[in-house]
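One file, data_22.pdb, carrying PDB, C-alpha atoms:
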MODEL        1
ATOM      1  CA  MET A   1    -205.710 -67.439  74.603
ATOM      2  CA  LEU A   2    -208.963 -69.293  75.337
ATOM      3  CA  LYS A   3    -207.008 -72.344  76.512
ATOM      4  CA  ASN A   4    -204.957 -70.163  78.865
ATOM      5  CA  MET A   5    -208.129 -68.608  80.265
ATOM      6  CA  LYS A   6    -209.639 -72.075  80.700
ATOM      7  CA  GLY A   7    -206.578 -73.238  82.625
ATOM      8  CA  ASN A   8    -206.567 -70.112  84.804
ATOM      9  CA  LEU A   9    -210.246 -70.504  85.699
ATOM     10  CA  ILE A  10    -209.686 -74.166  86.583
ATOM     11  CA  LEU A  11    -206.778 -73.191  88.864
ATOM     12  CA  LEU A  12    -208.882 -70.414  90.435
ATOM     13  CA  LEU A  13    -211.552 -72.993  91.287
ATOM     14  CA  THR A  14    -208.772 -75.176  92.733
ATOM     15  CA  ALA A  15    -207.651 -72.355  95.031
ATOM     16  CA  MET A  16    -211.248 -71.737  96.157
ATOM     17  CA  ILE A  17    -211.717 -75.395  97.094
ATOM     18  CA  TRP A  18    -208.390 -75.570  98.951
ATOM     19  CA  GLY A  19    -209.127 -72.350 100.822
ATOM     20  CA  THR A  20    -212.571 -73.528 101.936
ATOM     21  CA  ALA A  21    -211.113 -76.903 102.979
ATOM     22  CA  PHE A  22    -209.128 -75.252 105.802
ATOM     23  CA  VAL A  23    -212.388 -74.998 107.773
ATOM     24  CA  PHE A  24    -212.912 -78.775 107.480
ATOM     25  CA  GLN A  25    -209.255 -79.560 108.160
ATOM     26  CA  SER A  26    -209.429 -77.584 111.374
ATOM     27  CA  GLU A  27    -212.543 -79.506 112.404
ATOM     28  CA  GLY A  28    -210.988 -82.877 111.564
ATOM     29  CA  MET A  29    -207.997 -82.225 113.855
ATOM     30  CA  ASN A  30    -210.405 -82.389 116.831
ATOM     31  CA  PHE A  31    -210.820 -86.157 116.354
ATOM     32  CA  VAL A  32    -207.681 -87.610 114.723
ATOM     33  CA  GLY A  33    -203.994 -86.798 114.404
ATOM     34  CA  PRO A  34    -202.640 -84.895 111.388
ATOM     35  CA  TYR A  35    -200.933 -87.915 109.805
ATOM     36  CA  THR A  36    -204.029 -90.093 110.184
ATOM     37  CA  PHE A  37    -206.151 -87.330 108.680
ATOM     38  CA  ASN A  38    -203.785 -86.849 105.719
ATOM     39  CA  ALA A  39    -203.499 -90.586 105.015
ATOM     40  CA  CYS A  40    -207.279 -91.124 105.166
ATOM     41  CA  ARG A  41    -208.203 -88.244 102.892
ATOM     42  CA  THR A  42    -205.453 -89.064 100.368
ATOM     43  CA  LEU A  43    -206.396 -92.749 100.104
ATOM     44  CA  LEU A  44    -210.081 -91.766  99.856
ATOM     45  CA  ALA A  45    -209.173 -89.487  96.935
ATOM     46  CA  ALA A  46    -207.365 -92.383  95.244
ATOM     47  CA  VAL A  47    -210.420 -94.638  95.591
ATOM     48  CA  VAL A  48    -212.817 -91.924  94.366
ATOM     49  CA  LEU A  49    -210.738 -91.291  91.234
ATOM     50  CA  ILE A  50    -210.766 -94.931  90.060
ATOM     51  CA  PRO A  51    -214.376 -94.882  88.697
ATOM     52  CA  VAL A  52    -213.805 -91.337  87.393
ATOM     53  CA  VAL A  53    -210.762 -92.447  85.367
ATOM     54  CA  LEU A  54    -212.545 -95.545  84.063
ATOM     55  CA  GLY A  55    -215.629 -93.497  83.141
ATOM     56  CA  PHE A  56    -213.586 -90.912  81.216
ATOM     57  CA  LYS A  57    -211.662 -93.592  79.324
ATOM     58  CA  LEU A  58    -214.903 -95.387  78.392
ATOM     59  CA  PHE A  59    -216.443 -92.099  77.234
ATOM     60  CA  GLU A  60    -213.376 -91.288  75.121
ATOM     61  CA  LYS A  61    -213.460 -94.688  73.422
ATOM     62  CA  ARG A  62    -217.188 -94.517  72.669
ATOM     63  CA  SER A  63    -216.978 -90.941  71.368
ATOM     64  CA  GLY A  64    -213.969 -91.734  69.188
ATOM     65  CA  ASN A  65    -211.785 -89.188  71.011
ATOM     66  CA  TYR A  66    -209.494 -91.730  72.625
ATOM     67  CA  LYS A  67    -205.843 -90.783  72.313
ATOM     68  CA  PRO A  68    -203.050 -93.187  73.277
ATOM     69  CA  VAL A  69    -200.807 -91.831  76.037
ATOM     70  CA  ASP A  70    -197.341 -92.639  77.234
ATOM     71  CA  LYS A  71    -198.122 -95.154  79.994
ATOM     72  CA  LYS A  72    -194.571 -95.289  81.312
ATOM     73  CA  THR A  73    -194.408 -91.479  81.640
ATOM     74  CA  THR A  74    -197.852 -91.358  83.266
ATOM     75  CA  ILE A  75    -197.026 -94.025  85.866
ATOM     76  CA  LEU A  76    -193.609 -92.555  86.650
ATOM     77  CA  GLY A  77    -195.139 -89.063  86.853
ATOM     78  CA  GLY A  78    -197.842 -90.235  89.266
ATOM     79  CA  ILE A  79    -195.315 -91.933  91.547
ATOM     80  CA  CYS A  80    -192.971 -88.920  91.527
ATOM     81  CA  CYS A  81    -195.814 -86.468  92.187
ATOM     82  CA  GLY A  82    -197.138 -88.691  94.979
ATOM     83  CA  LEU A  83    -193.721 -88.902  96.632
ATOM     84  CA  VAL A  84    -193.212 -85.124  96.526
ATOM     85  CA  LEU A  85    -196.777 -84.480  97.738
ATOM     86  CA  ALA A  86    -196.365 -86.897 100.674
ATOM     87  CA  VAL A  87    -193.050 -85.339 101.735
ATOM     88  CA  ALA A  88    -194.348 -81.741 101.436
ATOM     89  CA  SER A  89    -197.555 -82.508 103.361
ATOM     90  CA  THR A  90    -195.641 -84.316 106.121
ATOM     91  CA  LEU A  91    -193.130 -81.460 106.480
ATOM     92  CA  GLN A  92    -196.045 -79.041 106.757
ATOM     93  CA  GLN A  93    -197.697 -81.065 109.533
ATOM     94  CA  ILE A  94    -194.413 -81.323 111.473
ATOM     95  CA  GLY A  95    -193.838 -77.575 111.173
ATOM     96  CA  ILE A  96    -197.382 -76.570 112.151
ATOM     97  CA  VAL A  97    -196.938 -78.280 115.535
ATOM     98  CA  SER A  98    -194.232 -75.806 116.588
ATOM     99  CA  THR A  99    -195.178 -72.561 114.846
ATOM    100  CA  THR A 100    -198.195 -70.303 114.492
ATOM    101  CA  ALA A 101    -200.844 -70.808 111.811
ATOM    102  CA  GLY A 102    -200.174 -67.296 110.491
ATOM    103  CA  LYS A 103    -196.456 -67.853 110.009
ATOM    104  CA  ALA A 104    -197.119 -71.308 108.534
ATOM    105  CA  GLY A 105    -199.512 -69.784 105.991
ATOM    106  CA  PHE A 106    -197.091 -67.018 105.043
ATOM    107  CA  ILE A 107    -194.007 -69.243 104.714
ATOM    108  CA  THR A 108    -195.928 -71.890 102.735
ATOM    109  CA  ALA A 109    -197.068 -69.151 100.360
ATOM    110  CA  LEU A 110    -193.403 -68.367  99.607
ATOM    111  CA  TYR A 111    -193.567 -71.072  96.940
ATOM    112  CA  VAL A 112    -194.822 -68.249  94.694
ATOM    113  CA  ILE A 113    -191.217 -67.051  94.462
ATOM    114  CA  ILE A 114    -189.545 -70.485  94.635
ATOM    115  CA  VAL A 115    -191.297 -71.715  91.455
ATOM    116  CA  PRO A 116    -189.986 -68.922  89.162
ATOM    117  CA  ILE A 117    -186.518 -69.348  90.707
ATOM    118  CA  ILE A 118    -186.638 -73.058  89.847
ATOM    119  CA  GLY A 119    -187.754 -71.999  86.365
ATOM    120  CA  LEU A 120    -184.657 -69.788  86.019
ATOM    121  CA  ILE A 121    -182.441 -72.695  87.088
ATOM    122  CA  LEU A 122    -184.103 -74.816  84.379
ATOM    123  CA  GLY A 123    -183.457 -72.088  81.793
ATOM    124  CA  ARG A 124    -186.908 -70.468  81.696
ATOM    125  CA  LYS A 125    -186.789 -66.677  81.667
ATOM    126  CA  GLN A 126    -189.561 -64.887  83.570
ATOM    127  CA  PRO A 127    -191.067 -61.559  82.412
ATOM    128  CA  LYS A 128    -190.299 -58.563  84.654
ATOM    129  CA  LYS A 129    -194.025 -58.185  85.235
ATOM    130  CA  ILE A 130    -194.150 -61.620  86.912
ATOM    131  CA  TRP A 131    -191.443 -60.665  89.427
ATOM    132  CA  LEU A 132    -193.413 -57.525  90.326
ATOM    133  CA  CYS A 133    -196.539 -59.625  90.827
ATOM    134  CA  VAL A 134    -194.630 -62.119  92.998
ATOM    135  CA  ILE A 135    -193.338 -59.282  95.234
ATOM    136  CA  LEU A 136    -196.855 -57.818  95.529
ATOM    137  CA  ALA A 137    -198.226 -61.249  96.464
ATOM    138  CA  ILE A 138    -195.569 -61.801  99.167
ATOM    139  CA  ILE A 139    -196.338 -58.383 100.714
ATOM    140  CA  GLY A 140    -200.043 -59.280 100.613
ATOM    141  CA  PHE A 141    -199.421 -62.627 102.319
ATOM    142  CA  TYR A 142    -197.369 -60.934 105.031
ATOM    143  CA  LEU A 143    -200.196 -58.495 105.791
ATOM    144  CA  LEU A 144    -202.747 -61.318 105.724
ATOM    145  CA  CYS A 145    -200.897 -63.975 107.737
ATOM    146  CA  ILE A 146    -198.533 -62.286 110.207
ATOM    147  CA  LYS A 147    -200.401 -60.927 113.235
ATOM    148  CA  ASP A 148    -197.535 -59.880 115.522
ATOM    149  CA  GLY A 149    -193.774 -59.830 115.033
ATOM    150  CA  PHE A 150    -191.903 -62.192 112.735
ATOM    151  CA  SER A 151    -189.134 -64.478 113.981
ATOM    152  CA  LEU A 152    -187.878 -67.859 112.765
ATOM    153  CA  ASP A 153    -187.623 -71.126 114.711
ATOM    154  CA  ILE A 154    -187.228 -74.843 113.894
ATOM    155  CA  GLY A 155    -190.920 -75.229 112.989
ATOM    156  CA  ASP A 156    -190.579 -72.459 110.428
ATOM    157  CA  ALA A 157    -187.638 -74.291 108.848
ATOM    158  CA  PHE A 158    -189.874 -77.334 108.284
ATOM    159  CA  ILE A 159    -192.579 -75.093 106.751
ATOM    160  CA  LEU A 160    -190.002 -73.501 104.444
ATOM    161  CA  ALA A 161    -188.923 -76.996 103.359
ATOM    162  CA  CYS A 162    -192.620 -77.745 102.791
ATOM    163  CA  ALA A 163    -192.937 -74.639 100.551
ATOM    164  CA  LEU A 164    -189.967 -75.889  98.548
ATOM    165  CA  GLY A 165    -191.711 -79.271  98.313
ATOM    166  CA  PHE A 166    -194.911 -77.763  96.909
ATOM    167  CA  ALA A 167    -192.869 -75.709  94.432
ATOM    168  CA  VAL A 168    -191.133 -78.905  93.285
ATOM    169  CA  HIS A 169    -194.569 -80.592  93.057
ATOM    170  CA  ILE A 170    -195.799 -77.922  90.637
ATOM    171  CA  THR A 171    -192.600 -78.189  88.596
ATOM    172  CA  VAL A 172    -192.746 -82.005  88.463
ATOM    173  CA  ILE A 173    -196.366 -81.906  87.253
ATOM    174  CA  ASP A 174    -195.404 -79.489  84.460
ATOM    175  CA  ARG A 175    -192.444 -81.686  83.521
ATOM    176  CA  PHE A 176    -194.454 -84.884  83.078
ATOM    177  CA  LEU A 177    -197.411 -83.186  81.391
ATOM    178  CA  SER A 178    -195.014 -81.730  78.800
ATOM    179  CA  LYS A 179    -193.810 -85.288  78.128
ATOM    180  CA  GLY A 180    -197.335 -86.482  77.309
ATOM    181  CA  ALA A 181    -198.550 -87.954  80.616
ATOM    182  CA  ASP A 182    -202.294 -88.554  81.068
ATOM    183  CA  ALA A 183    -203.409 -85.908  83.598
ATOM    184  CA  LEU A 184    -206.300 -87.843  85.166
ATOM    185  CA  VAL A 185    -204.490 -91.177  85.453
ATOM    186  CA  MET A 186    -201.406 -89.430  86.820
ATOM    187  CA  ALA A 187    -203.555 -87.765  89.499
ATOM    188  CA  CYS A 188    -205.003 -91.127  90.564
ATOM    189  CA  ILE A 189    -201.563 -92.758  90.784
ATOM    190  CA  GLN A 190    -200.315 -89.715  92.699
ATOM    191  CA  PHE A 191    -202.871 -90.256  95.465
ATOM    192  CA  TRP A 192    -202.228 -93.988  95.764
ATOM    193  CA  SER A 193    -198.490 -93.303  96.047
ATOM    194  CA  ALA A 194    -198.868 -90.434  98.524
ATOM    195  CA  GLY A 195    -201.494 -92.269 100.624
ATOM    196  CA  ILE A 196    -199.383 -95.409 101.005
ATOM    197  CA  ILE A 197    -196.311 -93.336 101.940
ATOM    198  CA  MET A 198    -198.340 -91.332 104.490
ATOM    199  CA  LEU A 199    -199.384 -94.547 106.260
ATOM    200  CA  VAL A 200    -195.792 -94.889 107.517
ATOM    201  CA  PRO A 201    -195.772 -91.826 109.863
ATOM    202  CA  THR A 202    -199.420 -92.538 110.702
ATOM    203  CA  PHE A 203    -198.687 -95.905 112.321
ATOM    204  CA  ILE A 204    -195.265 -94.927 113.687
ATOM    205  CA  LEU A 205    -196.198 -91.597 115.304
ATOM    206  CA  GLU A 206    -199.944 -91.991 115.946
ATOM    207  CA  THR A 207    -202.471 -94.600 117.027
ATOM    208  CA  PRO A 208    -205.402 -94.288 114.600
ATOM    209  CA  THR A 209    -208.769 -95.660 115.753
ATOM    210  CA  ILE A 210    -211.965 -96.469 113.862
ATOM    211  CA  ASP A 211    -213.977 -94.340 116.309
ATOM    212  CA  GLY A 212    -211.739 -91.320 115.756
ATOM    213  CA  ILE A 213    -211.840 -91.669 111.984
ATOM    214  CA  PHE A 214    -215.634 -92.080 112.055
ATOM    215  CA  ALA A 215    -215.984 -88.967 114.231
ATOM    216  CA  ALA A 216    -213.968 -87.021 111.632
ATOM    217  CA  ARG A 217    -215.883 -88.559 108.710
ATOM    218  CA  TYR A 218    -217.426 -85.332 107.372
ATOM    219  CA  ALA A 219    -214.093 -83.486 107.383
ATOM    220  CA  ILE A 220    -212.330 -86.475 105.780
ATOM    221  CA  LEU A 221    -215.082 -86.834 103.166
ATOM    222  CA  PHE A 222    -214.956 -83.169 102.126
ATOM    223  CA  THR A 223    -211.183 -82.909 102.057
ATOM    224  CA  GLY A 224    -210.771 -86.355 100.505
ATOM    225  CA  VAL A 225    -213.299 -85.833  97.724
ATOM    226  CA  MET A 226    -213.190 -82.064  97.119
ATOM    227  CA  SER A 227    -209.813 -80.837  98.391
ATOM    228  CA  SER A 228    -207.824 -83.876  97.248
ATOM    229  CA  ALA A 229    -209.578 -85.839  94.468
ATOM    230  CA  VAL A 230    -211.227 -82.846  92.781
ATOM    231  CA  ALA A 231    -208.841 -79.954  93.515
ATOM    232  CA  TYR A 232    -205.495 -81.711  92.969
ATOM    233  CA  THR A 233    -206.859 -83.250  89.757
ATOM    234  CA  LEU A 234    -208.047 -79.813  88.611
ATOM    235  CA  GLN A 235    -204.537 -78.533  89.387
ATOM    236  CA  ILE A 236    -202.962 -81.101  87.088
ATOM    237  CA  ILE A 237    -205.533 -80.415  84.336
ATOM    238  CA  GLY A 238    -205.268 -76.621  84.712
ATOM    239  CA  GLN A 239    -201.474 -76.667  84.538
ATOM    240  CA  ARG A 240    -201.734 -78.106  81.026
ATOM    241  CA  TYR A 241    -202.880 -74.697  79.767
ATOM    242  CA  THR A 242    -200.660 -72.227  81.621
ATOM    243  CA  THR A 243    -197.114 -71.672  82.877
ATOM    244  CA  PRO A 244    -195.927 -72.996  86.272
ATOM    245  CA  THR A 245    -195.266 -69.452  87.577
ATOM    246  CA  LEU A 246    -198.715 -68.128  86.689
ATOM    247  CA  ALA A 247    -200.278 -71.342  88.010
ATOM    248  CA  THR A 248    -198.478 -70.760  91.308
ATOM    249  CA  LEU A 249    -199.758 -67.198  91.633
ATOM    250  CA  ILE A 250    -203.350 -68.258  90.963
ATOM    251  CA  MET A 251    -203.222 -71.217  93.362
ATOM    252  CA  SER A 252    -201.665 -69.030  96.053
ATOM    253  CA  LEU A 253    -205.107 -67.420  96.357
ATOM    254  CA  GLU A 254    -205.815 -70.462  98.528
ATOM    255  CA  SER A 255    -204.652 -68.441 101.576
ATOM    256  CA  VAL A 256    -206.965 -65.565 100.655
ATOM    257  CA  PHE A 257    -209.966 -67.862 100.193
ATOM    258  CA  ALA A 258    -209.098 -69.584 103.498
ATOM    259  CA  ALA A 259    -209.222 -66.229 105.299
ATOM    260  CA  LEU A 260    -212.473 -65.285 103.562
ATOM    261  CA  ALA A 261    -214.014 -68.688 104.373
ATOM    262  CA  GLY A 262    -213.076 -68.292 108.037
ATOM    263  CA  TRP A 263    -214.644 -64.832 107.960
ATOM    264  CA  LEU A 264    -217.890 -65.929 106.270
ATOM    265  CA  ILE A 265    -218.347 -69.437 107.745
ATOM    266  CA  LEU A 266    -216.657 -69.342 111.154
ATOM    267  CA  GLY A 267    -217.285 -65.663 111.910
ATOM    268  CA  GLU A 268    -213.566 -64.873 112.256
ATOM    269  CA  ASN A 269    -212.679 -61.181 112.097
ATOM    270  CA  LEU A 270    -210.579 -59.697 109.299
ATOM    271  CA  SER A 271    -208.791 -56.429 110.060
ATOM    272  CA  LEU A 272    -208.250 -53.670 107.505
ATOM    273  CA  LYS A 273    -204.611 -54.786 107.251
ATOM    274  CA  GLU A 274    -205.681 -58.358 106.419
ATOM    275  CA  LEU A 275    -208.288 -57.177 103.903
ATOM    276  CA  PHE A 276    -205.626 -54.983 102.261
ATOM    277  CA  GLY A 277    -203.346 -58.047 102.105
ATOM    278  CA  CYS A 278    -206.120 -60.014 100.359
ATOM    279  CA  ALA A 279    -206.578 -57.158  97.884
ATOM    280  CA  LEU A 280    -202.838 -57.044  97.085
ATOM    281  CA  VAL A 281    -202.753 -60.776  96.299
ATOM    282  CA  PHE A 282    -205.821 -60.459  94.046
ATOM    283  CA  ILE A 283    -204.213 -57.479  92.237
ATOM    284  CA  ALA A 284    -200.977 -59.466  91.761
ATOM    285  CA  VAL A 285    -202.840 -62.410  90.231
ATOM    286  CA  ILE A 286    -204.865 -60.173  87.894
ATOM    287  CA  LEU A 287    -201.801 -58.170  86.765
ATOM    288  CA  ALA A 288    -199.948 -61.395  86.014
ATOM    289  CA  GLN A 289    -202.606 -62.291  83.434
ATOM    290  CA  VAL A 290    -202.836 -58.907  81.682
ATOM    291  CA  ASP A 291    -200.987 -58.674  78.371
ATOM    292  CA  PHE A 292    -199.824 -55.032  78.426
ATOM    293  CA  GLY A 293    -198.271 -55.369  74.961
ATOM    294  CA  LYS A 294    -201.678 -56.007  73.371
ATOM    295  CA  LEU A 295    -203.270 -53.216  75.421
ATOM    296  CA  ARG A 296    -200.737 -50.707  74.001
ATOM    297  CA  LYS A 297    -201.513 -51.840  70.427
ATOM    298  CA  ASN A 298    -205.243 -51.326  71.007
TER     299      ASN A 298
ENDMDL
END

Would you mind writing the file's structure down as structure tokens?
Amino acid sequence: MLKNMKGNLILLLTAMIWGTAFVFQSEGMNFVGPYTFNACRTLLAAVVLIPVVLGFKLFEKRSGNYKPVDKKTTILGGICCGLVLAVASTLQQIGIVSTTAGKAGFITALYVIIVPIIGLILGRKQPKKIWLCVILAIIGFYLLCIKDGFSLDIGDAFILACALGFAVHITVIDRFLSKGADALVMACIQFWSAGIIMLVPTFILETPTIDGIFAARYAILFTGVMSSAVAYTLQIIGQRYTTPTLATLIMSLESVFAALAGWLILGENLSLKELFGCALVFIAVILAQVDFGKLRKN
């Protein structure tokens, strides 16, 4: 129980960091292209994690808590996670160009239902309560993200593919962690893999410049260190203590925290409908963690 709570709190912190990072991502787009921005922050995260990994391993050895891990599984897991992360992020950037931010946020958040569906395909039954929470969360995201009418175009198809990519990312992480992969080392390898892959569209579709990257340095630093190195690593660590479906619901609060950050930091207005949407998502996440069986016994 305590381990589950620990994992949930770690994933909640992850969602808070990701949500706040939207402010910096928006600022960074004023100076560099989306692929350049993604490649820079991902490679920065990979560099930042090297001393962190080495420090943790040294601490474990000196404290006598060092546990041998499956190196092959860890390396393969990092490469697979990096590949999926690079593809999902690229699909998201392509889709955002030809759709609205609101629709992009809503469709991306649909991974909250894709993950439990993938779980069913893999033979994992989901409690009825989880499906109710997923439906509540989707309604909340619709109220929060969709301003006007809702129609689908080619950009939305890319965003939907991106949502599938992030759902696969969560599932792949769970798969390799269950096989004994080292969470921290896998996160570091993930960023090196994703960053190198992201350099391909960067140099093919954009013309990155040192001046542009320097102008976006604060946004790249925050998203590279906090949103990527810290948050994605916390995601991998947090998923060790909870189920993929519950992890997805908690991390989906990213959209809520993004809206709240825009409200508090950028002075953006939130209507009653949007605030009600935020409340529904919060209720869904809380309900998903309540054990009603134990409550009845008490």

Inset, instruction - Check what the PyMOL selection byres ((chain A and resi 48) around 10) selects in the file above and give those residues as a list in words. - result: Thr42, Leu43, Leu44, Ala45, Ala46, Val47, Leu49, Ile50, Pro51, Val52, Val53, Cys188, Gly224, Val225, Ser228, Ala229 and Val230 of chain A

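Candidate residues A:Tyr241, A:Tyr111, A:Phe191, A:Phe214 were compared for distance to Leu164 of chain A, and the nearest is A:Tyr111, using all atoms listed in the file.
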
Using all atoms listed in the file, which residues sit within 9 Å of Gln93 of chain A once same-chain residues fewer than 2 positions away are excluded, as a PDB file with C-alpha atoms, in the coordinates of the input?
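Saved file part.pdb follows:
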ATOM      1  CA  PRO A  34    -202.640 -84.895 111.388  1.00  0.00           C
ATOM      2  CA  TYR A  35    -200.933 -87.915 109.805  1.00  0.00           C
ATOM      3  CA  ALA A  88    -194.348 -81.741 101.436  1.00  0.00           C
ATOM      4  CA  SER A  89    -197.555 -82.508 103.361  1.00  0.00           C
ATOM      5  CA  THR A  90    -195.641 -84.316 106.121  1.00  0.00           C
ATOM      6  CA  LEU A  91    -193.130 -81.460 106.480  1.00  0.00           C
ATOM      7  CA  GLY A  95    -193.838 -77.575 111.173  1.00  0.00           C
ATOM      8  CA  ILE A  96    -197.382 -76.570 112.151  1.00  0.00           C
ATOM      9  CA  VAL A  97    -196.938 -78.280 115.535  1.00  0.00           C
ATOM     10  CA  PHE A 158    -189.874 -77.334 108.284  1.00  0.00           C
ATOM     11  CA  ILE A 159    -192.579 -75.093 106.751  1.00  0.00           C
TER      12      ILE A 159
END

Legend entry - For Gly82 of chain A: contacts at 8 Å, all atoms listed in the file, fewer than 3 positions along chain excluded, given as a ChimeraX atom specification: /A:78-79,85-86,189-195

Legend entry - Residues returned when the PyMOL selection byres ((chain A and resi 248) around 12) runs on this file, as number ranges by chain: A: 8, 11-12, 14-15, 108-116, 119, 130, 133-134, 137, 163, 166-171, 174, 235, 238-239, 242-247, 249-254, 281, 284-285, 288

Legend entry - Chain and number of each residue from the PyMOL selection byres ((chain A and resi 144) around 10), as number ranges by chain: A: 102, 105-106, 138-143, 145-147, 255-256, 259, 270-281

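The gap separating atom CA of Tyr218 of chain A from atom CA of Gly33 of chain A is 15.2 Å, in Å to one decimal.
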
Inset, instruction - Would you mind reading off the distance between atom CA of Asn30 of chain A and atom CA of Ala216 of chain A, one decimal, in Å? - result: 7.8 Å
